[in-house]
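Okay, structure first, notes after.
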Amino acid sequence: MGESTSPISVILVSSGSRGNKLLFRFPFQRGAEHPAAQDNKPRSRYAVNGSGDTTEDQDGDSRDQCPLTDEQLVSGFSDVILATILATKSDMCGKKFELKIDNVRFVGHPTLLQHALGQVSKTDPSPKREMPTMILFNVVFALRANADPSVISCLHNLSRRIAIVLQHEERRCQYLTREAKLILAIQDEVSAMAETTEGPQSPFHHILPKCKLARDLKETYDSYSPLADAFSCQFRGHNLPSMLAKFSLPVSLSEFKNPLAPPVQETQLIQMVIWMLQHRLLIQLHTYVCLMVPPNEEELRAQDEDMPFTARVGGRSLSTPNALSFGSPTSSDDMTLTSPSMDNSSAELIPGGDSPLNKRMTENLLASLLEHEREAILNVPAAQNPEDLRMFARLLHYFRGRHHLEEIMYNENMRRSQLLMLFDKFRSVLVVTSHEDPVISVFQSLLK
């Protein structure tokens, strides 16, 4: 795999009441603490070189006696310099950050921490939460300056996703604030130790075993290059970041089809997609459909008055598809694959969708709905066509967000185009969503 496709380093910086801080970087120098041990241990090709080929003044500027190797590119920047250039101003947060200095390109997604003061966390119900000292943070990947644009885009997307997760966990339980406080305490402790020992020491190998965030960032860095190398070895002439960049937004394989391309090219594309699915680099999205009719205000008030409080809390709610109920509310109803129309399947063979038997079957299928739901469905222009209405009613039990499109096609022996056309005709009362199959998600989590 080309070296321009691999990250050189991952860096976490923050800005807050204590100024700009470099919280963690990997790979890192062990410093002067164990120089002999450093020579005997195997090193990553991206590990920071601790040799004396370069010298560094107090301001962190590199003075090179010979050209820097790839391993020394980021080591030429001191922690102070990196914290200064990578901890951006607040008005640059929420946007792509890209900075090129000599042979190094830094890519990240600076993010503001929007703390809701006084908000009680689910995991930490105490209202006396620690006042955060961090204003913003930035997870930055360092690349070679000549990195392919698709690699830059892929790593920016990764930085943005990490930022979203950290921002969510900060709101939930002040995770980032706690981890940063631990990191800064270790850095202060190592700095104090350096005054009584020979020369400065790197705090990062002290931080790594004690800080989960640091270990997660290291794992992100470590897992990227081996997967990319394995992909390039299996699919010559292709690199993993470029392929992943094509799937940054949900796309179907049909969008990649080229009628002029040889069959072997399409076969290889399918094999690459299978490989990425197997390594959980891609997820397959399925289409689900939910019946979503706004509740009638008068009917909603009447229900609230008639039902006891416990029934109102745990009962029917049209705001979530899981609460929709059709037919008998049995415990197995949620997972059933049997269509209510199967008992009346002979009606499918009767020519003419407007026959009395067909009308009666449609009315029976719609009978389980509330009055305002039936009215909303019957007011859809497509409902004036008996065939469309009958098909909608026959598929009604699938419109709860639990059966994906391919499952409906298999159970009902229907073409995709038929279903998509029906969804479009009744789009005013249907909500179409795309997400991973929950069953597959659970299965994959058991394999980890």
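Quick note on naming: the chains in the structure tokens go A, B, ... in the order shown, residues restart at 1 in each chain, and ligands are numbered from 1 in order of appearance.
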Inset, instruction - Name the residues of stretch 81-228 of chain A that come out as strand (DSSP E or B) in a backbone DSSP run; write them as a PyMOL selection string. - result: chain A and resi 97-101+104-108+111-112+134-144+201
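Restricting the calculation to only C-alpha atoms, the smallest distance between A:Phe28 and any of A:Leu419, A:Val104, A:Leu158, A:Ala214 is found for A:Ala214.
Across the model, the gap from atom CA of A:Ser417 to atom CA of A:Asn379 is 23.6 Å.
Separating atom CA of A:Pro226 from atom CA of A:Phe247 is a distance of 20.1 Å.
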Inset, instruction - Identify, on the basis of only C-alpha atoms, every residue whose closest approach to A:Ile408 does not exceed 12 Å; exclude the query and any residue fewer than 2 positions from it along the same chain; express the result as a PyMOL selection string. - result: chain A and resi 286-289+336-339+394-399+401-406+410-416+418-420
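Take atom CA of A:Ile162 and atom CA of A:Leu82: the distance between them is 19.4 Å.
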Inset, instruction - Select, from A:Ser75, A:Lys218, A:Phe24, A:Cys290, the residue with the minimum atom-to-atom distance to A:Gln187, counting only C-alpha atoms. - result: A:Phe24
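Among the candidates A:Ala393, A:Ile274, A:Leu365, A:Leu23, the one nearest to A:Thr177 when counting only C-alpha atoms is A:Leu23.
Shortest atom-to-atom contact with A:Glu436 among A:Leu291, A:Cys211, A:Leu285, A:Leu366: A:Leu285, counting only C-alpha atoms.
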Inset, instruction - Just the residues within 12 Å of A:Gln234, please, counting only C-alpha atoms, with nothing from its chain fewer than 4 positions along; format it as a PyMOL selection string. - result: chain A and resi 1+227-230+238-240+268+271-272+275-276
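Remark: for A:Val432, the closest of the candidate residues A:Arg178, A:Met292, A:Asp91, A:Gln265 is A:Met292 (distances computed over only C-alpha atoms).
The closest residue to A:Leu143, picked from A:Pro7, A:Gly108, A:Gly94, A:Gly19 and counting only C-alpha atoms, is A:Pro7.
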